[in-house]
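Everything below belongs to model-v3.cif, which stores mmCIF, C-alpha atoms and all ligand atoms.
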data_target
#
loop_
_atom_site.group_PDB
_atom_site.id
_atom_site.type_symbol
_atom_site.label_atom_id
_atom_site.label_comp_id
_atom_site.auth_asym_id
_atom_site.auth_seq_id
_atom_site.Cartn_x
_atom_site.Cartn_y
_atom_site.Cartn_z
ATOM 1 C CA MET Y 17 102.650 58.214 186.268
ATOM 2 C CA SER Y 18 99.203 59.774 185.997
ATOM 3 C CA ALA Y 19 98.059 60.685 182.514
ATOM 4 C CA ARG Y 20 95.767 63.262 184.035
ATOM 5 C CA ARG Y 21 98.312 65.402 185.735
ATOM 6 C CA VAL Y 22 98.516 68.885 184.330
ATOM 7 C CA ARG Y 23 101.907 70.136 183.272
ATOM 8 C CA VAL Y 24 102.523 73.800 182.762
ATOM 9 C CA PRO Y 25 103.866 74.205 179.237
ATOM 10 C CA PRO Y 26 107.205 76.005 179.043
ATOM 11 C CA PHE Y 27 105.770 78.431 176.493
ATOM 12 C CA LYS Y 28 103.193 81.071 175.885
ATOM 13 C CA ALA Y 29 101.719 81.548 172.422
ATOM 14 C CA CYS Y 30 101.540 84.728 170.365
ATOM 15 C CA ARG Y 31 97.932 85.500 169.420
ATOM 16 C CA LYS Y 32 99.077 87.301 166.312
ATOM 17 C CA CYS Y 33 101.499 84.853 164.649
ATOM 18 C CA LYS Y 34 100.938 81.763 166.840
ATOM 19 C CA SER Y 35 104.633 81.385 167.616
ATOM 20 C CA LEU Y 36 105.460 79.682 170.884
ATOM 21 C CA VAL Y 37 107.556 82.054 172.976
ATOM 22 C CA PRO Y 38 109.327 81.548 176.310
ATOM 23 C CA ARG Y 39 106.991 81.898 179.283
ATOM 24 C CA GLU Y 40 108.990 84.786 180.693
ATOM 25 C CA ALA Y 41 108.797 86.790 177.449
ATOM 26 C CA SER Y 42 106.617 89.894 177.328
ATOM 27 C CA ARG Y 43 106.936 90.372 173.589
ATOM 28 C CA CYS Y 44 106.898 87.910 170.679
ATOM 29 C CA PRO Y 45 110.454 87.675 169.319
ATOM 30 C CA VAL Y 46 109.078 86.786 165.887
ATOM 31 C CA CYS Y 47 106.448 89.465 165.176
ATOM 32 C CA GLY Y 48 106.906 91.880 168.076
ATOM 33 C CA SER Y 49 103.352 91.557 169.377
ATOM 34 C CA THR Y 50 102.736 91.810 173.113
ATOM 35 C CA ASP Y 51 99.470 89.887 172.802
ATOM 36 C CA LEU Y 52 100.640 86.615 174.353
ATOM 37 C CA SER Y 53 98.454 83.856 175.734
ATOM 38 C CA GLU Y 54 99.021 81.150 178.329
ATOM 39 C CA ASP Y 55 96.011 79.315 176.966
ATOM 40 C CA TRP Y 56 97.044 77.339 173.922
ATOM 41 C CA GLU Y 57 96.855 73.765 172.633
ATOM 42 C CA GLY Y 58 98.716 71.576 170.197
ATOM 43 C CA ALA Y 59 102.012 72.409 168.588
ATOM 44 C CA LEU Y 60 103.659 72.322 165.190
ATOM 45 C CA VAL Y 61 107.441 72.381 165.015
ATOM 46 C CA VAL Y 62 108.483 73.448 161.531
ATOM 47 C CA ILE Y 63 112.093 72.518 160.930
ATOM 48 C CA ASP Y 64 112.409 72.766 157.139
ATOM 49 C CA PRO Y 65 109.564 74.796 155.622
ATOM 50 C CA GLU Y 66 110.961 74.297 152.095
ATOM 51 C CA LYS Y 67 110.540 70.544 152.291
ATOM 52 C CA SER Y 68 107.593 70.295 154.656
ATOM 53 C CA VAL Y 69 104.289 69.660 152.895
ATOM 54 C CA ILE Y 70 102.486 70.511 156.138
ATOM 55 C CA ALA Y 71 104.219 73.900 156.348
ATOM 56 C CA LYS Y 72 103.299 74.626 152.731
ATOM 57 C CA LYS Y 73 99.657 73.731 153.303
ATOM 58 C CA LEU Y 74 99.554 76.055 156.301
ATOM 59 C CA GLU Y 75 101.536 78.720 154.414
ATOM 60 C CA ILE Y 76 104.262 78.736 157.040
ATOM 61 C CA THR Y 77 107.529 79.914 155.543
ATOM 62 C CA LYS Y 78 109.716 80.283 158.622
ATOM 63 C CA PRO Y 79 111.103 77.495 160.776
ATOM 64 C CA GLY Y 80 109.792 77.699 164.309
ATOM 65 C CA ARG Y 81 107.435 76.371 166.939
ATOM 66 C CA TYR Y 82 103.794 77.242 166.556
ATOM 67 C CA ALA Y 83 100.671 76.650 168.608
ATOM 68 C CA ILE Y 84 97.793 75.007 166.776
ATOM 69 C CA LYS Y 85 95.089 76.670 168.857
ATOM 70 C CA VAL Y 86 95.450 79.915 170.808
ATOM 71 C CA ARG Y 87 92.645 81.296 172.932
ATOM 72 C CA MET C 24 121.837 66.453 147.484
ATOM 73 C CA GLU C 25 119.664 63.338 147.501
ATOM 74 C CA GLN C 26 117.007 65.499 149.148
ATOM 75 C CA ARG C 27 116.771 67.540 145.961
ATOM 76 C CA SER C 28 115.212 64.587 144.221
ATOM 77 C CA PRO C 29 111.494 65.111 143.653
ATOM 78 C CA SER C 30 110.929 61.414 144.430
ATOM 79 C CA ILE C 31 111.602 61.988 148.124
ATOM 80 C CA GLN C 32 108.172 63.122 149.177
ATOM 81 C CA PRO C 33 107.773 63.384 152.911
ATOM 82 C CA ARG C 34 105.355 61.055 154.646
ATOM 83 C CA LEU C 35 103.649 61.266 157.996
ATOM 84 C CA TYR C 36 104.447 58.757 160.721
ATOM 85 C CA ALA C 37 102.991 58.548 164.211
ATOM 86 C CA VAL C 38 105.381 58.167 167.121
ATOM 87 C CA ARG C 39 104.002 56.871 170.396
ATOM 88 C CA THR C 40 105.007 58.808 173.489
ATOM 89 C CA VAL C 41 104.316 58.784 177.185
ATOM 90 C CA ALA C 42 101.076 60.759 177.634
ATOM 91 C CA GLY C 43 101.831 64.296 178.724
ATOM 92 C CA ARG C 44 105.340 64.226 177.260
ATOM 93 C CA GLU C 45 104.390 64.865 173.655
ATOM 94 C CA LEU C 46 105.872 68.360 173.515
ATOM 95 C CA ASP C 47 109.076 67.243 175.240
ATOM 96 C CA VAL C 48 109.523 64.510 172.641
ATOM 97 C CA ALA C 49 108.858 66.958 169.787
ATOM 98 C CA LEU C 50 111.454 69.395 171.125
ATOM 99 C CA ILE C 51 114.092 66.686 171.556
ATOM 100 C CA ILE C 52 113.427 65.500 168.000
ATOM 101 C CA GLU C 53 113.798 69.097 166.785
ATOM 102 C CA GLN C 54 117.169 69.418 168.499
ATOM 103 C CA ARG C 55 118.446 66.090 167.161
ATOM 104 C CA VAL C 56 117.322 66.834 163.635
ATOM 105 C CA LYS C 57 119.348 70.041 163.742
ATOM 106 C CA ASP C 58 122.399 68.496 165.408
ATOM 107 C CA GLU C 59 122.527 65.368 163.276
ATOM 108 C CA ASN C 60 121.044 66.617 160.025
ATOM 109 C CA ILE C 61 118.224 64.087 160.024
ATOM 110 C CA PRO C 62 115.672 64.661 157.222
ATOM 111 C CA ILE C 63 112.628 65.382 159.362
ATOM 112 C CA PHE C 64 110.792 68.468 158.157
ATOM 113 C CA SER C 65 108.154 69.011 160.822
ATOM 114 C CA VAL C 66 106.815 67.521 164.049
ATOM 115 C CA ILE C 67 103.174 67.839 165.066
ATOM 116 C CA VAL C 68 101.845 67.599 168.610
ATOM 117 C CA PRO C 69 98.105 67.139 168.133
ATOM 118 C CA SER C 70 96.081 68.447 171.042
ATOM 119 C CA GLN C 71 93.235 65.993 170.470
ATOM 120 C CA ILE C 72 95.273 62.804 170.723
ATOM 121 C CA ARG C 73 97.310 62.046 173.798
ATOM 122 C CA GLY C 74 100.411 59.935 173.586
ATOM 123 C CA TYR C 75 101.384 60.620 169.984
ATOM 124 C CA VAL C 76 103.425 63.020 167.957
ATOM 125 C CA ILE C 77 103.473 63.007 164.149
ATOM 126 C CA VAL C 78 106.734 63.235 162.239
ATOM 127 C CA GLU C 79 107.036 64.397 158.622
ATOM 128 C CA THR C 80 109.949 62.623 156.967
ATOM 129 C CA PRO C 81 110.702 60.677 153.771
ATOM 130 C CA ALA C 82 111.138 57.358 155.601
ATOM 131 C CA ALA C 83 110.153 55.729 158.897
ATOM 132 C CA PHE C 84 113.727 54.861 159.844
ATOM 133 C CA HIS C 85 114.585 58.560 160.134
ATOM 134 C CA ALA C 86 111.849 58.881 162.743
ATOM 135 C CA ALA C 87 113.131 55.779 164.545
ATOM 136 C CA ASN C 88 116.636 57.217 164.412
ATOM 137 C CA ALA C 89 115.523 60.565 165.829
ATOM 138 C CA ILE C 90 113.736 59.034 168.839
ATOM 139 C CA GLN C 91 116.369 56.478 169.721
ATOM 140 C CA GLY C 92 117.100 56.619 173.424
ATOM 141 C CA ILE C 93 114.397 59.183 174.246
ATOM 142 C CA ARG C 94 112.839 57.810 177.404
ATOM 143 C CA TYR C 95 109.406 59.292 176.694
ATOM 144 C CA ALA C 96 109.249 58.010 173.114
ATOM 145 C CA LYS C 97 107.852 54.511 172.657
ATOM 146 C CA GLY C 98 108.438 53.795 168.988
ATOM 147 C CA VAL C 99 107.221 54.518 165.479
ATOM 148 C CA VAL C 100 103.762 53.212 164.628
ATOM 149 C CA PRO C 101 103.868 51.058 161.455
ATOM 150 C CA GLY C 102 102.120 52.597 158.465
ATOM 151 C CA ILE C 103 101.743 56.126 157.199
ATOM 152 C CA LEU C 104 99.065 58.677 158.002
ATOM 153 C CA ARG C 105 97.003 60.458 155.397
ATOM 154 C CA TYR C 106 97.703 64.138 154.913
ATOM 155 C CA GLU C 107 94.019 65.014 154.992
ATOM 156 C CA ASP C 108 93.589 63.319 158.373
ATOM 157 C CA VAL C 109 96.579 65.137 159.828
ATOM 158 C CA GLU C 110 95.482 68.453 158.342
ATOM 159 C CA ARG C 111 92.223 68.048 160.203
ATOM 160 C CA LEU C 112 94.208 67.820 163.438
ATOM 161 C CA LEU C 113 95.884 71.102 162.589
ATOM 162 C CA ARG C 114 92.654 73.027 162.302
ATOM 163 C CA PRO C 115 92.037 74.894 165.544
ATOM 164 C CA GLU C 116 88.360 73.958 165.569
ATOM 165 C CA ALA C 117 89.061 70.278 164.973
ATOM 166 C CA VAL C 118 87.058 67.681 166.838
ATOM 167 C CA VAL C 119 88.430 64.411 168.130
ATOM 168 C CA GLU C 120 89.649 62.183 165.337
ATOM 169 C CA THR C 121 91.153 58.749 165.222
ATOM 170 C CA LEU C 122 94.562 58.127 163.723
ATOM 171 C CA LYS C 123 94.308 55.651 160.888
ATOM 172 C CA PRO C 124 97.723 54.363 159.926
ATOM 173 C CA GLY C 125 97.759 52.631 156.552
HETATM 174 ZN ZN ZN Y 201 104.151 86.737 167.176
#

What's the C-alpha cells form of this structure?
Amino acid sequence: MSARRVRVPPFKACRKCKSLVPREASRCPVCGSTDLSEDWEGALVVIDPEKSVIAKKLEITKPGRYAIKVR
Amino acid sequence: MEQRSPSIQPRLYAVRTVAGRELDVALIIEQRVKDENIPIFSVIVPSQIRGYVIVETPAAFHAANAIQGIRYAKGVVPGILRYEDVERLLRPEAVVETLKPG
C-alpha cells in the first residue's frame, strides 16, 4: 500500500466556520455559508466540547468535525 | 457521574494508523465513542504528521478500547503528549513538528 497515493477526502470544508461538510453539499449545514473549499488539511473531531481541553483552547463549543487548515 | 470529578483531566495519546487512513480511523473512533459511551472528548488528525491521530481521553485504555479491531489502527503509543505541542499542530500555519511522547 503506497503511502503516497492521494485519497480524495469525503468532505469539503466551510471557509467561514471550518466545519467539514459532505462533498455533495452546496451549503454549510452548521453556519449556512456557501463558501466551501475542497482544499483543506488536518481535522479535529470534537465529541464532547464540555470536557475537551482542546475544544476549550480553540473556543469550540459545538461537537462536530472541523478542518484545521482551509485554503 | 465519575466524569464529573475534577481529577479526571483528559490527556493526549497518540494512536498509530496506516498512513493515509488517519481520517477514517478518527471517524470510526467518533462513531464508537458515541455508540459505546467511551470517554474520549476529541480526536485530532494532524496534517503535518502522517500515520498518527491524537486522542483526548482521561486514560490510555479508553483509546485502546476505541481502536480495538480497527484494521487501520496500529495501537496506542506509550506516554502522553504535551498540550502545547499538540496545540502547535492545530495552528493552521504550523510547521512540521515531532511528536514527543513522555
Ligand atoms: Zn460553516

Point out the residue among Y:Ala29, Y:Ala71, Y:Ile76, Y:Leu36 with the least atom-to-atom distance to chain C, counting only C-alpha atoms.
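The closest residue to chain C is Y:Ala71.
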
Within 7 Å of (107.8, 64.9, 167.3) in the file's own coordinates, which protein, DNA or RNA residues have an atom, counting all atoms listed in the file? List them as a ChimeraX atom specification.
/C:48-50,52,66-68,76-78

So which residues get picked by the PyMOL selection byres (((chain C and resi 47) around 10) and not hetatm) here, written as a ChimeraX atom specification?
/Y:25-26 /C:40-41,43-46,48-53,68,93,95-96

As a ChimeraX atom specification, could you give me every residue of chain Y near chain C (at most 8 Å apart, counting all atoms listed in the file)?
/Y:19,21-23,57-65,67-71,84-85

Could you please extract the residues within 6 Å of ligand ZN 201 (chain Y), counting all atoms listed in the file, and hand them back as a ChimeraX atom specification?
/Y:30,32-35,44,46-49

Among C:Ala89, C:Ala82, C:Val99, C:Leu104, Asp58 in chain C is approached most closely, using all atoms listed in the file, by C:Ala89

re CA of Val100 in chain C and CA of Arg39 in chain C: distance 6.8 Å

How far is it from CA of Phe84 in chain C to CA of Thr77 in chain Y, in Å with one decimal?
26.2 Å

Box in all listed atoms of range 80-83 of chain C, axis-aligned, with 3 Å more on each side; write out centre and edge lengths in Å to one decimal as JSON.
{"center_x": 110.5, "center_y": 59.2, "center_z": 156.3, "size_x": 7.2, "size_y": 12.9, "size_z": 11.1}

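The coordinates place CA of Arg55 in chain C at 28.1 Å from CA of Ser53 in chain Y.
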
Please identify all polymer residues lying at most 6 Å from the point (99.5, 77.2, 178.1) (file coordinates), using all atoms listed in the file, and present the result as a PyMOL selection string.
chain Y and resi 25+28+54-56

Add whatever atoms are absent from range 88-114 of chain C to reach N, CA, C and O atoms, and provide the output as an mmCIF file, in the coordinates of the input.
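Contents of the output file part27.cif:
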data_model
loop_
_atom_site.group_PDB
_atom_site.id
_atom_site.type_symbol
_atom_site.label_atom_id
_atom_site.label_comp_id
_atom_site.auth_asym_id
_atom_site.auth_seq_id
_atom_site.Cartn_x
_atom_site.Cartn_y
_atom_site.Cartn_z
ATOM 1 N N ASN C 88 115.310 56.698 164.106
ATOM 2 C CA ASN C 88 116.636 57.217 164.412
ATOM 3 C C ASN C 88 116.556 58.425 165.355
ATOM 4 O O ASN C 88 117.282 58.518 166.344
ATOM 5 N N ALA C 89 115.624 59.313 165.054
ATOM 6 C CA ALA C 89 115.523 60.565 165.829
ATOM 7 C C ALA C 89 115.030 60.333 167.256
ATOM 8 O O ALA C 89 115.307 61.140 168.137
ATOM 9 N N ILE C 90 114.284 59.250 167.488
ATOM 10 C CA ILE C 90 113.736 59.034 168.839
ATOM 11 C C ILE C 90 114.537 58.031 169.648
ATOM 12 O O ILE C 90 114.210 57.753 170.796
ATOM 13 N N GLN C 91 115.586 57.499 169.029
ATOM 14 C CA GLN C 91 116.369 56.478 169.721
ATOM 15 C C GLN C 91 116.879 57.001 171.064
ATOM 16 O O GLN C 91 117.481 58.065 171.144
ATOM 17 N N GLY C 92 116.591 56.258 172.110
ATOM 18 C CA GLY C 92 117.100 56.619 173.424
ATOM 19 C C GLY C 92 116.284 57.668 174.153
ATOM 20 O O GLY C 92 116.587 57.988 175.292
ATOM 21 N N ILE C 93 115.257 58.228 173.527
ATOM 22 C CA ILE C 93 114.397 59.183 174.246
ATOM 23 C C ILE C 93 113.473 58.369 175.152
ATOM 24 O O ILE C 93 112.704 57.537 174.674
ATOM 25 N N ARG C 94 113.565 58.626 176.443
ATOM 26 C CA ARG C 94 112.839 57.810 177.404
ATOM 27 C C ARG C 94 111.326 57.911 177.215
ATOM 28 O O ARG C 94 110.590 56.962 177.441
ATOM 29 N N TYR C 95 110.851 59.078 176.803
ATOM 30 C CA TYR C 95 109.406 59.292 176.694
ATOM 31 C C TYR C 95 108.846 58.869 175.339
ATOM 32 O O TYR C 95 107.654 58.978 175.111
ATOM 33 N N ALA C 96 109.717 58.446 174.435
ATOM 34 C CA ALA C 96 109.249 58.010 173.114
ATOM 35 C C ALA C 96 109.199 56.495 173.070
ATOM 36 O O ALA C 96 110.128 55.828 173.496
ATOM 37 N N LYS C 97 108.077 55.962 172.566
ATOM 38 C CA LYS C 97 107.852 54.511 172.657
ATOM 39 C C LYS C 97 107.954 53.791 171.318
ATOM 40 O O LYS C 97 107.655 52.613 171.243
ATOM 41 N N GLY C 98 108.281 54.495 170.260
ATOM 42 C CA GLY C 98 108.438 53.795 168.988
ATOM 43 C C GLY C 98 107.581 54.384 167.886
ATOM 44 O O GLY C 98 106.629 55.130 168.133
ATOM 45 N N VAL C 99 107.944 54.035 166.651
ATOM 46 C CA VAL C 99 107.221 54.518 165.479
ATOM 47 C C VAL C 99 106.104 53.534 165.166
ATOM 48 O O VAL C 99 106.316 52.328 165.125
ATOM 49 N N VAL C 100 104.904 54.055 164.963
ATOM 50 C CA VAL C 100 103.762 53.212 164.628
ATOM 51 C C VAL C 100 103.888 52.798 163.161
ATOM 52 O O VAL C 100 104.117 53.650 162.303
ATOM 53 N N PRO C 101 103.765 51.489 162.856
ATOM 54 C CA PRO C 101 103.868 51.058 161.455
ATOM 55 C C PRO C 101 102.773 51.693 160.597
ATOM 56 O O PRO C 101 101.646 51.857 161.053
ATOM 57 N N GLY C 102 103.106 52.024 159.386
ATOM 58 C CA GLY C 102 102.120 52.597 158.465
ATOM 59 C C GLY C 102 102.210 54.103 158.417
ATOM 60 O O GLY C 102 102.762 54.728 159.325
ATOM 61 N N ILE C 103 101.696 54.669 157.341
ATOM 62 C CA ILE C 103 101.743 56.126 157.199
ATOM 63 C C ILE C 103 100.347 56.715 157.393
ATOM 64 O O ILE C 103 99.339 56.044 157.197
ATOM 65 N N LEU C 104 100.331 57.977 157.781
ATOM 66 C CA LEU C 104 99.065 58.677 158.002
ATOM 67 C C LEU C 104 98.724 59.468 156.745
ATOM 68 O O LEU C 104 99.601 59.864 155.987
ATOM 69 N N ARG C 105 97.436 59.682 156.560
ATOM 70 C CA ARG C 105 97.003 60.458 155.397
ATOM 71 C C ARG C 105 97.094 61.949 155.694
ATOM 72 O O ARG C 105 96.713 62.392 156.775
ATOM 73 N N TYR C 106 97.560 62.696 154.716
ATOM 74 C CA TYR C 106 97.703 64.138 154.913
ATOM 75 C C TYR C 106 96.381 64.791 155.304
ATOM 76 O O TYR C 106 96.331 65.665 156.154
ATOM 77 N N GLU C 107 95.296 64.338 154.676
ATOM 78 C CA GLU C 107 94.019 65.014 154.992
ATOM 79 C C GLU C 107 93.597 64.773 156.436
ATOM 80 O O GLU C 107 93.003 65.641 157.061
ATOM 81 N N ASP C 108 93.925 63.581 156.965
ATOM 82 C CA ASP C 108 93.589 63.319 158.373
ATOM 83 C C ASP C 108 94.425 64.194 159.301
ATOM 84 O O ASP C 108 93.926 64.720 160.299
ATOM 85 N N VAL C 109 95.697 64.342 158.975
ATOM 86 C CA VAL C 109 96.579 65.137 159.828
ATOM 87 C C VAL C 109 96.237 66.625 159.708
ATOM 88 O O VAL C 109 96.252 67.352 160.695
ATOM 89 N N GLU C 110 95.884 67.046 158.509
ATOM 90 C CA GLU C 110 95.482 68.453 158.342
ATOM 91 C C GLU C 110 94.272 68.802 159.205
ATOM 92 O O GLU C 110 94.157 69.907 159.716
ATOM 93 N N ARG C 111 93.397 67.832 159.355
ATOM 94 C CA ARG C 111 92.223 68.048 160.203
ATOM 95 C C ARG C 111 92.656 68.318 161.647
ATOM 96 O O ARG C 111 92.053 69.108 162.351
ATOM 97 N N LEU C 112 93.709 67.626 162.069
ATOM 98 C CA LEU C 112 94.208 67.820 163.438
ATOM 99 C C LEU C 112 94.838 69.200 163.613
ATOM 100 O O LEU C 112 95.015 69.670 164.730
ATOM 101 N N LEU C 113 95.203 69.809 162.520
ATOM 102 C CA LEU C 113 95.884 71.102 162.589
ATOM 103 C C LEU C 113 94.907 72.261 162.556
ATOM 104 O O LEU C 113 95.292 73.401 162.752
ATOM 105 N N ARG C 114 93.653 71.953 162.277
ATOM 106 C CA ARG C 114 92.654 73.027 162.302
ATOM 107 C C ARG C 114 92.276 73.306 163.747
ATOM 108 O O ARG C 114 91.953 72.385 164.489
#
